[in-house]
Every structure is written in structure tokens, then in C-alpha cells.
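Shown below: work.txt, with compact mmCIF, N, CA and C atoms.
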```txt
# COMPACT_ATOMS: atom_id res chain seq x y z
N GLN A 1 -6.61 34.98 5.38
CA GLN A 1 -6.67 33.89 4.42
C GLN A 1 -5.26 33.34 4.22
N VAL A 2 -5.14 32.02 4.38
CA VAL A 2 -3.84 31.38 4.19
C VAL A 2 -3.46 31.42 2.71
N GLN A 3 -2.22 31.74 2.46
CA GLN A 3 -1.73 31.73 1.09
C GLN A 3 -0.84 30.53 0.86
N LEU A 4 -1.02 29.91 -0.29
CA LEU A 4 -0.20 28.77 -0.70
C LEU A 4 0.50 29.14 -1.99
N VAL A 5 1.79 28.93 -2.02
CA VAL A 5 2.59 29.27 -3.20
C VAL A 5 3.31 28.02 -3.68
N GLU A 6 2.99 27.62 -4.91
CA GLU A 6 3.60 26.46 -5.51
C GLU A 6 4.78 26.88 -6.40
N SER A 7 5.77 26.02 -6.48
CA SER A 7 6.92 26.27 -7.35
C SER A 7 7.55 24.95 -7.74
N GLY A 8 8.48 25.02 -8.68
CA GLY A 8 9.25 23.85 -9.06
C GLY A 8 8.83 23.23 -10.38
N GLY A 9 7.79 23.76 -10.99
CA GLY A 9 7.38 23.22 -12.26
C GLY A 9 8.38 23.55 -13.36
N GLY A 10 8.12 22.99 -14.54
CA GLY A 10 9.00 23.26 -15.66
C GLY A 10 8.68 22.35 -16.82
N SER A 11 9.56 22.37 -17.79
CA SER A 11 9.40 21.53 -18.97
C SER A 11 10.46 20.44 -18.96
N VAL A 12 10.01 19.21 -19.07
CA VAL A 12 10.93 18.08 -19.07
C VAL A 12 10.51 17.08 -20.14
N GLN A 13 11.43 16.22 -20.49
CA GLN A 13 11.10 15.15 -21.42
C GLN A 13 10.52 13.96 -20.65
N ALA A 14 9.76 13.16 -21.35
CA ALA A 14 9.19 11.97 -20.74
C ALA A 14 10.31 11.13 -20.11
N GLY A 15 10.02 10.64 -18.92
CA GLY A 15 11.02 9.89 -18.17
C GLY A 15 11.79 10.73 -17.19
N GLY A 16 11.66 12.04 -17.30
CA GLY A 16 12.38 12.93 -16.41
C GLY A 16 11.71 13.09 -15.05
N SER A 17 12.32 13.94 -14.24
CA SER A 17 11.84 14.14 -12.86
C SER A 17 11.74 15.62 -12.54
N LEU A 18 10.83 15.93 -11.64
CA LEU A 18 10.69 17.27 -11.08
C LEU A 18 10.26 17.14 -9.63
N THR A 19 10.62 18.14 -8.84
CA THR A 19 10.14 18.20 -7.47
C THR A 19 9.40 19.52 -7.28
N LEU A 20 8.14 19.43 -6.94
CA LEU A 20 7.33 20.61 -6.69
C LEU A 20 7.34 20.94 -5.20
N SER A 21 7.25 22.22 -4.89
CA SER A 21 7.18 22.69 -3.51
C SER A 21 5.94 23.53 -3.31
N CYS A 22 5.42 23.49 -2.10
CA CYS A 22 4.25 24.29 -1.73
C CYS A 22 4.55 24.90 -0.37
N VAL A 23 4.59 26.22 -0.32
CA VAL A 23 4.87 26.92 0.93
C VAL A 23 3.61 27.61 1.40
N ALA A 24 3.30 27.46 2.68
CA ALA A 24 2.10 28.07 3.26
C ALA A 24 2.48 29.27 4.12
N SER A 25 1.60 30.26 4.10
CA SER A 25 1.84 31.47 4.89
C SER A 25 1.52 31.24 6.37
N ASP A 26 0.73 30.19 6.65
CA ASP A 26 0.34 29.89 8.02
C ASP A 26 1.09 28.65 8.49
N SER A 27 1.88 28.80 9.52
CA SER A 27 2.72 27.70 9.99
C SER A 27 1.90 26.53 10.55
N ARG A 28 0.65 26.74 10.82
CA ARG A 28 -0.18 25.68 11.41
C ARG A 28 -0.91 24.84 10.37
N LEU A 29 -0.86 25.28 9.13
CA LEU A 29 -1.70 24.66 8.12
C LEU A 29 -1.40 23.18 7.94
N PHE A 30 -0.12 22.86 7.76
CA PHE A 30 0.22 21.47 7.46
C PHE A 30 0.06 20.57 8.67
N SER A 31 0.25 21.12 9.85
CA SER A 31 0.14 20.29 11.05
C SER A 31 -1.30 20.06 11.48
N ARG A 32 -2.22 20.83 10.93
CA ARG A 32 -3.61 20.73 11.35
C ARG A 32 -4.54 20.17 10.28
N ASN A 33 -4.04 20.03 9.07
CA ASN A 33 -4.90 19.63 7.96
C ASN A 33 -4.28 18.54 7.11
N THR A 34 -5.14 17.68 6.57
CA THR A 34 -4.69 16.83 5.47
C THR A 34 -4.44 17.75 4.28
N MET A 35 -3.30 17.58 3.65
CA MET A 35 -2.93 18.42 2.51
C MET A 35 -2.84 17.56 1.27
N ALA A 36 -2.95 18.20 0.13
CA ALA A 36 -2.98 17.44 -1.11
C ALA A 36 -2.38 18.22 -2.26
N TRP A 37 -1.97 17.48 -3.26
CA TRP A 37 -1.62 18.04 -4.55
C TRP A 37 -2.73 17.68 -5.53
N PHE A 38 -3.11 18.68 -6.32
CA PHE A 38 -4.10 18.52 -7.36
C PHE A 38 -3.46 18.92 -8.69
N ARG A 39 -4.06 18.53 -9.78
CA ARG A 39 -3.59 19.02 -11.07
C ARG A 39 -4.78 19.27 -11.99
N LEU A 40 -4.56 20.26 -12.86
CA LEU A 40 -5.60 20.66 -13.80
C LEU A 40 -4.98 20.71 -15.19
N ALA A 41 -5.47 19.81 -16.04
CA ALA A 41 -4.99 19.75 -17.42
C ALA A 41 -6.04 20.38 -18.33
N PRO A 42 -5.61 20.93 -19.45
CA PRO A 42 -6.55 21.56 -20.38
C PRO A 42 -7.66 20.60 -20.78
N GLY A 43 -8.91 21.09 -20.68
CA GLY A 43 -10.04 20.29 -21.09
C GLY A 43 -10.45 19.21 -20.11
N LYS A 44 -9.81 19.17 -18.96
CA LYS A 44 -10.13 18.14 -17.97
C LYS A 44 -10.53 18.79 -16.66
N MET A 45 -11.15 17.99 -15.81
CA MET A 45 -11.50 18.47 -14.48
C MET A 45 -10.27 18.36 -13.56
N ARG A 46 -10.30 19.17 -12.50
CA ARG A 46 -9.20 19.10 -11.54
C ARG A 46 -9.15 17.71 -10.92
N GLU A 47 -7.95 17.18 -10.82
CA GLU A 47 -7.75 15.80 -10.37
C GLU A 47 -6.92 15.79 -9.09
N LEU A 48 -7.36 14.99 -8.13
CA LEU A 48 -6.57 14.79 -6.92
C LEU A 48 -5.42 13.84 -7.24
N VAL A 49 -4.21 14.27 -6.98
CA VAL A 49 -3.03 13.49 -7.32
C VAL A 49 -2.51 12.70 -6.12
N ALA A 50 -2.39 13.38 -4.99
CA ALA A 50 -1.85 12.73 -3.80
C ALA A 50 -2.26 13.54 -2.58
N ARG A 51 -2.33 12.89 -1.44
CA ARG A 51 -2.63 13.61 -0.22
C ARG A 51 -1.85 13.00 0.94
N ILE A 52 -1.68 13.80 2.00
CA ILE A 52 -0.92 13.37 3.16
C ILE A 52 -1.62 13.88 4.40
N THR A 53 -1.78 13.03 5.40
CA THR A 53 -2.51 13.42 6.59
C THR A 53 -1.66 14.30 7.49
N SER A 54 -2.34 14.98 8.39
CA SER A 54 -1.67 16.01 9.19
C SER A 54 -0.73 15.44 10.23
N THR A 55 -1.13 14.40 10.93
CA THR A 55 -0.31 13.94 12.06
C THR A 55 0.48 12.67 11.76
N THR A 56 -0.19 11.67 11.21
CA THR A 56 0.50 10.40 10.96
C THR A 56 1.31 10.41 9.68
N GLY A 57 0.99 11.34 8.77
CA GLY A 57 1.71 11.39 7.50
C GLY A 57 1.33 10.28 6.55
N ASP A 58 0.18 9.65 6.79
CA ASP A 58 -0.28 8.63 5.86
C ASP A 58 -0.53 9.26 4.50
N THR A 59 -0.22 8.52 3.46
CA THR A 59 -0.34 9.06 2.11
C THR A 59 -1.31 8.25 1.25
N TRP A 60 -1.79 8.91 0.24
CA TRP A 60 -2.68 8.28 -0.77
C TRP A 60 -2.29 8.84 -2.11
N TYR A 61 -2.34 8.00 -3.14
CA TYR A 61 -1.98 8.43 -4.48
C TYR A 61 -3.04 7.98 -5.48
N ALA A 62 -3.24 8.82 -6.49
CA ALA A 62 -4.07 8.40 -7.60
C ALA A 62 -3.38 7.24 -8.30
N THR A 63 -4.19 6.36 -8.85
CA THR A 63 -3.65 5.19 -9.52
C THR A 63 -2.67 5.58 -10.63
N SER A 64 -2.97 6.68 -11.30
CA SER A 64 -2.15 7.11 -12.44
C SER A 64 -0.75 7.54 -12.05
N VAL A 65 -0.52 7.84 -10.79
CA VAL A 65 0.81 8.32 -10.37
C VAL A 65 1.46 7.41 -9.34
N LYS A 66 0.74 6.42 -8.86
CA LYS A 66 1.28 5.55 -7.81
C LYS A 66 2.54 4.88 -8.28
N GLY A 67 3.55 4.93 -7.43
CA GLY A 67 4.84 4.33 -7.77
C GLY A 67 5.78 5.29 -8.47
N ARG A 68 5.27 6.43 -8.93
CA ARG A 68 6.11 7.42 -9.60
C ARG A 68 6.23 8.71 -8.81
N PHE A 69 5.19 9.09 -8.10
CA PHE A 69 5.16 10.34 -7.34
C PHE A 69 5.24 10.04 -5.85
N THR A 70 5.87 10.97 -5.11
CA THR A 70 5.95 10.86 -3.66
C THR A 70 5.62 12.20 -3.04
N ILE A 71 4.63 12.19 -2.16
CA ILE A 71 4.24 13.40 -1.44
C ILE A 71 4.90 13.38 -0.06
N SER A 72 5.37 14.54 0.37
CA SER A 72 5.97 14.64 1.69
C SER A 72 5.80 16.07 2.19
N LYS A 73 6.11 16.28 3.45
CA LYS A 73 5.99 17.64 3.98
C LYS A 73 6.96 17.84 5.12
N ASP A 74 7.27 19.09 5.36
CA ASP A 74 8.13 19.50 6.46
C ASP A 74 7.36 20.56 7.24
N ASN A 75 6.70 20.13 8.31
CA ASN A 75 5.86 21.08 9.05
C ASN A 75 6.68 22.26 9.59
N ALA A 76 7.89 22.00 9.98
CA ALA A 76 8.71 23.07 10.55
C ALA A 76 9.03 24.15 9.53
N ARG A 77 9.04 23.77 8.26
CA ARG A 77 9.34 24.73 7.19
C ARG A 77 8.09 25.16 6.45
N ASN A 78 6.93 24.73 6.95
CA ASN A 78 5.65 25.07 6.28
C ASN A 78 5.69 24.71 4.80
N THR A 79 6.29 23.61 4.46
CA THR A 79 6.49 23.26 3.06
C THR A 79 6.07 21.83 2.79
N MET A 80 5.42 21.64 1.67
CA MET A 80 5.03 20.32 1.20
C MET A 80 5.67 20.09 -0.15
N TYR A 81 5.97 18.85 -0.46
CA TYR A 81 6.67 18.53 -1.69
C TYR A 81 5.92 17.46 -2.48
N LEU A 82 6.21 17.45 -3.78
CA LEU A 82 5.75 16.36 -4.62
C LEU A 82 6.92 15.99 -5.53
N GLN A 83 7.53 14.86 -5.21
CA GLN A 83 8.61 14.34 -6.05
C GLN A 83 7.97 13.54 -7.17
N MET A 84 8.28 13.92 -8.39
CA MET A 84 7.67 13.27 -9.56
C MET A 84 8.77 12.65 -10.41
N ASN A 85 8.72 11.35 -10.53
CA ASN A 85 9.69 10.61 -11.34
C ASN A 85 9.00 9.95 -12.51
N ASP A 86 9.81 9.57 -13.50
CA ASP A 86 9.28 8.87 -14.67
C ASP A 86 8.06 9.60 -15.23
N LEU A 87 8.22 10.87 -15.44
CA LEU A 87 7.09 11.68 -15.91
C LEU A 87 6.63 11.25 -17.29
N LYS A 88 5.33 11.35 -17.49
CA LYS A 88 4.70 10.98 -18.75
C LYS A 88 4.01 12.20 -19.34
N THR A 89 3.76 12.16 -20.64
CA THR A 89 3.13 13.30 -21.28
C THR A 89 1.77 13.60 -20.65
N GLU A 90 1.10 12.57 -20.18
CA GLU A 90 -0.22 12.78 -19.57
C GLU A 90 -0.13 13.43 -18.18
N ASP A 91 1.07 13.63 -17.67
CA ASP A 91 1.24 14.37 -16.41
C ASP A 91 1.25 15.87 -16.64
N THR A 92 1.25 16.30 -17.88
CA THR A 92 1.24 17.72 -18.20
C THR A 92 -0.02 18.38 -17.62
N ALA A 93 0.19 19.40 -16.79
CA ALA A 93 -0.92 20.07 -16.12
C ALA A 93 -0.37 21.21 -15.27
N VAL A 94 -1.29 22.01 -14.74
CA VAL A 94 -0.93 22.96 -13.69
C VAL A 94 -1.19 22.25 -12.36
N TYR A 95 -0.18 22.24 -11.52
CA TYR A 95 -0.25 21.55 -10.24
C TYR A 95 -0.49 22.56 -9.12
N HIS A 96 -1.44 22.22 -8.26
CA HIS A 96 -1.81 23.07 -7.14
C HIS A 96 -1.73 22.29 -5.84
N CYS A 97 -1.43 22.98 -4.77
CA CYS A 97 -1.54 22.36 -3.45
C CYS A 97 -2.71 23.02 -2.72
N ASN A 98 -3.29 22.28 -1.80
CA ASN A 98 -4.41 22.81 -1.04
C ASN A 98 -4.75 21.86 0.08
N LYS A 99 -5.63 22.29 0.94
CA LYS A 99 -6.15 21.39 1.97
C LYS A 99 -7.00 20.32 1.27
N PHE A 100 -7.18 19.21 1.99
CA PHE A 100 -8.08 18.19 1.51
C PHE A 100 -9.08 17.86 2.61
N PRO A 101 -10.37 17.96 2.34
CA PRO A 101 -10.97 18.45 1.09
C PRO A 101 -10.73 19.96 0.91
N SER A 102 -10.82 20.39 -0.34
CA SER A 102 -10.46 21.76 -0.67
C SER A 102 -11.64 22.72 -0.64
N SER A 103 -12.84 22.23 -0.36
CA SER A 103 -14.02 23.09 -0.40
C SER A 103 -13.83 24.27 0.55
N GLY A 104 -14.08 25.47 0.03
CA GLY A 104 -13.94 26.67 0.83
C GLY A 104 -12.53 27.19 0.92
N SER A 105 -11.58 26.50 0.36
CA SER A 105 -10.19 26.92 0.39
C SER A 105 -9.74 27.25 -1.02
N PRO A 106 -9.52 28.50 -1.33
CA PRO A 106 -9.20 28.88 -2.71
C PRO A 106 -7.86 28.32 -3.17
N PHE A 107 -7.78 28.02 -4.44
CA PHE A 107 -6.55 27.55 -5.05
C PHE A 107 -5.69 28.74 -5.46
N GLY A 108 -4.38 28.54 -5.38
CA GLY A 108 -3.44 29.56 -5.83
C GLY A 108 -3.20 29.43 -7.32
N GLN A 109 -2.13 30.04 -7.78
CA GLN A 109 -1.84 30.05 -9.22
C GLN A 109 -1.30 28.72 -9.71
N GLY A 110 -0.71 27.97 -8.85
CA GLY A 110 -0.16 26.68 -9.25
C GLY A 110 1.17 26.81 -9.97
N THR A 111 1.69 25.67 -10.38
CA THR A 111 2.95 25.64 -11.11
C THR A 111 2.78 24.71 -12.30
N GLN A 112 3.22 25.15 -13.47
CA GLN A 112 3.01 24.42 -14.71
C GLN A 112 4.06 23.33 -14.87
N VAL A 113 3.58 22.14 -15.18
CA VAL A 113 4.46 21.02 -15.52
C VAL A 113 4.12 20.61 -16.95
N THR A 114 5.14 20.61 -17.78
CA THR A 114 4.95 20.23 -19.18
C THR A 114 5.92 19.09 -19.50
N VAL A 115 5.36 17.98 -19.94
CA VAL A 115 6.18 16.81 -20.26
C VAL A 115 6.05 16.54 -21.76
N SER A 116 7.18 16.53 -22.43
CA SER A 116 7.19 16.30 -23.86
C SER A 116 7.73 14.91 -24.18
N SER A 117 7.29 14.38 -25.31
CA SER A 117 7.70 13.02 -25.69
C SER A 117 9.01 13.04 -26.45
```
Rewrite the structure from the file as C-alpha cells, please.
Amino acid sequence: QVQLVESGGGSVQAGGSLTLSCVASDSRLFSRNTMAWFRLAPGKMRELVARITSTTGDTWYATSVKGRFTISKDNARNTMYLQMNDLKTEDTAVYHCNKFPSSGSPFGQGTQVTVSS
């Protein structure tokens, strides 16, 4: 089972920035799969935030984060990133990385992002 470990979360004030990282235990994961960042906020369903395709690197963003977040990956380092700028209080959530679609692929612990006003 491939393991995904997220890091880089923290507490910031609105308008601040964070960069999240996702490291995979399998070096082939990012090169063979569309990957994505998801987030789960209290009382809400898990939301797809951004995704990036395996070969062309085409990206997609949720409307709520478009223009503020940037997804990228480094296949050689088995690492995916989510650069988050101009953070808003509504971005507060636990952020997870996973394959897209994620069905059948368990989520890891994620990394907590807390944005205060």
C-alpha cells in the first residue's frame, strides 16, 4: 500500500501563505496517476481543491481557490506541493493528498491549516 505523508500546515493570519508538501512512498505514483489535494473542514464534506495530471501536468482548481493556490509536483522527488497564498478563514481545514479519483485509495492523516482573521 502506497503511503502519502502531508506536511507544511500551520496557523496563519488571513492574507498569509503556506506551502504544503506530499511525499509518496512509491516513486511511480505521481508519474502514473493524476494527483490531487483535498481538504476536510469541520461539519463539511471533503472537497477537491486542486489536481494535476500525471504526464502533461495540466491543472484544475476549485473556484474557491483559483488564483490563490498553485499545485505542482516533482516526480523525481516523489513530492507534490500546494502553494497557498492570500489565505482566507474559509481555507481552514485538514488538507490531504491522494490520487484522483481517490476511490479505493485511503487518505493519510493530512496536515492542518488554520487561518485566523
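For A:Gln109, the list of residues within 8 Å, based on only N, CA and C atoms and with local chain neighbours fewer than 5 positions off taken out, reads Leu4, Val5, Glu6, Val94, Tyr95, His96 and Cys97 of chain A.
The shortest atom-to-atom distance to A:Trp37, with only C-alpha atoms taken into account, belongs to A:Leu82 out of A:Ala24, A:Val2, A:Val12, A:Leu82.
Note that atom N of A:Thr89 and atom N of A:Gly15 are 6.7 Å apart.
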Quick one: pull the distance between atom CA of A:Gly57 and atom C of A:Ala36, Å, one decimal.
12.6 Å
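Between atom CA of A:Thr79 and atom CA of A:Thr55 there is a distance of 14.6 Å.
Here the question is which of A:Val113, A:Trp60, A:Lys44, A:Ser105 gets nearest to A:Asp91 using all atoms listed in the file, and that residue is A:Val113.
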